[in-house]
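Asker: Structure provided below as structure tokens; questions to follow.
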Amino acid sequence: MSKYILGCFLILIGYGNTISAQILNADLYGSKVDSTHRFRALFDLGFNIQKQTSIIYSLNTRVDLSYYYKQSLFVLIGNFKLFRSGSTNILNGGFAHSRVRFKKEHWIHPELFAQYQLDGVRGMEQRILGGSNLRFIIKEYTKGHLHFGIGGMYELERWSYNGVSSSIPIPDRTPIITHYIKLNSYLSYTQKIKEIAHLQVTAYFQTRPDRFFIFPRLALNGNLIFHFGKHIHFTIRYNLFYDALPTVPIDHLYFSFINKLTFTF
């Protein structure tokens with residue numbers, strides 16, 4: 001039994017990068033291209049199966065495309081993962097996200113985005129959204145930047161009760177579908193700390209106009225990367241998410257904390 005628990009733990013540690021709540025930090029992607037390196041592509045597909053007390057299998061797909069053209073950035077990212085033990089889904093979720101930032105070198109520029117997302121274990125069967133922001137470059141310098149974005153979006157969600165505690169009685173388990181127009185804003189900060197570390201933090205605030213500041217969704221996430229020479233770096237990645245009024249009675253607060261040591265040659 002201890003080997004089974006350890007195996008699940010190790011696999012979930014590997015999955016931590018995309019165990020996410022509803023708010024996705026797009027600033028973790030698409031920042032690696034510019035006028036000198038215009039295109040970046042990453043594709044990843046993995047499948048694993050093993051037999052312990054029961055059959056454990058996992059499926060992981062990932063795509064990360066970034067293209068920079070005439071000061072505009074085009075990003076398409078996706079990550080879907082399934083981790084199943086016997087007949088139980090330990091993890092089943094992922095996202096596909098596209099974003100365009102026009103004339104991103106200007107101190108104020110528009111961005112458009114669309115997203116599809118699911119998290120079967122928490123009960124989010126689907127989340128579809130689309131919208132636009134105005135992005136402001138408040139401060140930008142060699143070792144970092146401070147950006148602010150504000151706009152609106154349309155959001156459709158379908159929730160089941162899979163993530164609700166069995167101790168909570170649910171007389172009608174019909175999935176709930178919601179349609180909302182929401183205000184959306186974020187503050188993004190990056191800072192290079194000498195030559196040894198790089199910090200990236202993004203804070204999000206989303207709410208319905210009719211419930212402004214009363215029942216918001218809040219998120220804080222980002223990376224802290226320590227560089228030990230050219231070939232070794234250590235990453236601390238964190239996600240903190242709070243939903244003041246979840247669609248179904250699940251936990252209001254969600255967080256993840258991941259440590260990762262990477263060797264490159």
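Chain identifiers are assigned as A, B, and so on, following the order in which chains appear in the structure tokens; residues are numbered from 1 within each chain, and ligands are numbered from 1 in order of appearance.
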May I have the residues within 7 Å of Ile150 in chain A as a ChimeraX atom specification, using only C-alpha atoms and disregarding those fewer than 5 positions away in the same chain?

Answerer: /A:133-135,184-186

Asker: Kindly export the residues of the current selection with N, CA and C atoms, as a compact mmCIF listing (two decimals), in the first residue's frame.

Answerer:
```txt
# COMPACT_ATOMS: atom_id res chain seq x y z
N ASN A 133 -8.75 42.63 -23.55
CA ASN A 133 -8.23 43.54 -22.54
C ASN A 133 -7.48 44.68 -23.21
N LEU A 134 -7.32 45.75 -22.46
CA LEU A 134 -6.30 46.74 -22.76
C LEU A 134 -5.14 46.49 -21.80
N ARG A 135 -3.95 46.34 -22.35
CA ARG A 135 -2.76 46.04 -21.55
C ARG A 135 -1.86 47.28 -21.50
N ASN A 184 -12.57 41.71 -15.98
CA ASN A 184 -11.34 40.96 -15.85
C ASN A 184 -10.17 41.92 -15.74
N SER A 185 -9.29 41.71 -14.75
CA SER A 185 -8.12 42.56 -14.62
C SER A 185 -6.97 41.76 -14.02
N TYR A 186 -5.74 42.20 -14.31
CA TYR A 186 -4.58 41.51 -13.76
C TYR A 186 -3.40 42.48 -13.65
```

Asker: Show me, as a PyMOL selection string, the residues that have an atom within 7 Å of range 51-64 of chain A when counting only C-alpha atoms, minus same-chain residues fewer than 2 positions from it.

Answerer: chain A and resi 4+41-49+66+76-86

Asker: Would you write out those residues with C-alpha atoms, as an mmCIF file, in the first residue's frame?

Answerer:
```
data_model
loop_
_atom_site.group_PDB
_atom_site.id
_atom_site.type_symbol
_atom_site.label_atom_id
_atom_site.label_comp_id
_atom_site.auth_asym_id
_atom_site.auth_seq_id
_atom_site.Cartn_x
_atom_site.Cartn_y
_atom_site.Cartn_z
ATOM 1 C CA TYR A 4 0.956 2.655 -4.202
ATOM 2 C CA ALA A 41 7.106 25.427 -30.800
ATOM 3 C CA LEU A 42 6.815 22.650 -28.241
ATOM 4 C CA PHE A 43 4.845 19.426 -28.614
ATOM 5 C CA ASP A 44 4.706 16.704 -25.999
ATOM 6 C CA LEU A 45 2.734 13.443 -25.848
ATOM 7 C CA GLY A 46 3.173 10.814 -23.153
ATOM 8 C CA PHE A 47 1.431 7.668 -21.969
ATOM 9 C CA ASN A 48 2.292 5.541 -18.941
ATOM 10 C CA ILE A 49 0.770 2.358 -17.510
ATOM 11 C CA SER A 66 4.453 31.375 -29.888
ATOM 12 C CA LEU A 76 -1.517 28.965 -28.615
ATOM 13 C CA ILE A 77 -1.058 26.697 -25.614
ATOM 14 C CA GLY A 78 -2.713 23.519 -24.431
ATOM 15 C CA ASN A 79 -2.216 20.880 -21.770
ATOM 16 C CA PHE A 80 -4.499 17.927 -21.010
ATOM 17 C CA LYS A 81 -3.767 15.217 -18.462
ATOM 18 C CA LEU A 82 -5.446 12.077 -17.178
ATOM 19 C CA PHE A 83 -4.281 10.070 -14.177
ATOM 20 C CA ARG A 84 -6.473 7.076 -13.374
ATOM 21 C CA SER A 85 -6.183 4.316 -10.773
ATOM 22 C CA GLY A 86 -8.504 1.390 -11.434
#
```

Asker: For Pro246 in chain A, list every protein, DNA or RNA residue within 10 Å, evaluated using only C-alpha atoms, and leave out those in the same chain fewer than 6 positions away; present the list as a PyMOL selection string.

Answerer: chain A and resi 159+215-217+252-253

Asker: Excluding range 192-194 of chain A and residues on its chain fewer than 6 positions from it, collect all residues at most 10 Å away from it, counting only C-alpha atoms, and give them as a VMD selection string.

Answerer: chain A and resid 142 to 145 200 224 to 226

Asker: Looking at A:Thr190, A:Asn221, A:Thr264, A:Ser132, which one is nearest to Ala114 in chain A, with distances taken over only C-alpha atoms?

Answerer: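 Using only C-alpha atoms, Ala114 in chain A sits closest to A:Ser132.
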
Asker: Please report the interatomic distance between CA of Ala244 in chain A and CA of Thr202 in chain A in Å with one decimal.

Answerer: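 Separating CA of Ala244 in chain A from CA of Thr202 in chain A is a distance of 19.2 Å.
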
Asker: With a distance cut-off of 10 Å and only C-alpha atoms, select the neighbouring residues of Phe228 in chain A, excluding the residue or stretch itself and same-chain residues fewer than 2 positions from it, and output the selection as a ChimeraX atom specification.

Answerer: /A:195-197,225-226,230-234,263

Asker: Could the residues in this selection be saved with C-alpha atoms as a compact mmCIF listing (two decimals), in the first residue's frame?

Answerer:
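Result file is part_32.txt:
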```
# COMPACT_ATOMS: atom_id res chain seq x y z
CA GLU A 195 22.26 36.76 -12.29
CA ILE A 196 20.98 34.03 -10.00
CA ALA A 197 17.18 34.24 -9.93
CA ILE A 225 13.66 30.31 -10.76
CA PHE A 226 17.17 29.96 -9.32
CA LYS A 230 24.26 27.38 -17.27
CA HIS A 231 22.88 23.86 -16.98
CA ILE A 232 21.04 23.61 -13.65
CA HIS A 233 18.08 25.57 -12.36
CA PHE A 234 15.57 25.12 -9.56
CA PHE A 263 19.30 19.80 -15.80
```

Asker: May I ask which of the residues A:Leu146, A:Ile181, A:Ile108, A:Ile168 is the closest one to Val201 in chain A, counting only C-alpha atoms?

Answerer: A:Leu146

Asker: Fewer than 4 positions away in the same chain doesn't count, so skip those; otherwise give me all residues within 12 Å of Tyr204 in chain A, counting only C-alpha atoms, as a count of residues only.

Answerer: 29

Asker: With only C-alpha atoms counted and 10 Å as the cut-off, give the residues of range 136-215 of chain A in contact with range 127-131 of chain A, each with its shortest interatomic distance in Å and the pair that gives it, as a tab-separated table.

Answerer:
```
residue	atom	partner	partner_atom	distance
A:Gly151	CA	A:Gly131	CA	7.5
A:Gly152	CA	A:Gly131	CA	5.7
A:Met153	CA	A:Gly131	CA	3.9
A:Tyr154	CA	A:Leu129	CA	5.4
A:Glu155	CA	A:Leu129	CA	4.4
A:Leu156	CA	A:Ile128	CA	5.2
A:Glu157	CA	A:Arg127	CA	4.4
A:Arg158	CA	A:Arg127	CA	6.6
A:Trp159	CA	A:Arg127	CA	8.8
A:Ile177	CA	A:Arg127	CA	9.8
A:Thr178	CA	A:Arg127	CA	9.6
A:His179	CA	A:Ile128	CA	9.7
A:Tyr180	CA	A:Leu129	CA	9.6
A:Ile181	CA	A:Gly131	CA	9.5
A:Lys182	CA	A:Gly131	CA	9.3
A:Leu183	CA	A:Gly131	CA	9.7
A:Asn184	CA	A:Gly131	CA	9.0
```

Asker: Any chance you could list, as a VMD selection string, the residues in range 26-245 of chain A that come up strand (DSSP E or B) when DSSP is run on the backbone?

Answerer: chain A and resid 39 to 51 55 to 69 72 to 85 88 to 101 108 to 119 124 to 141 144 to 159 176 to 193 197 to 207 217 to 228 232 to 243
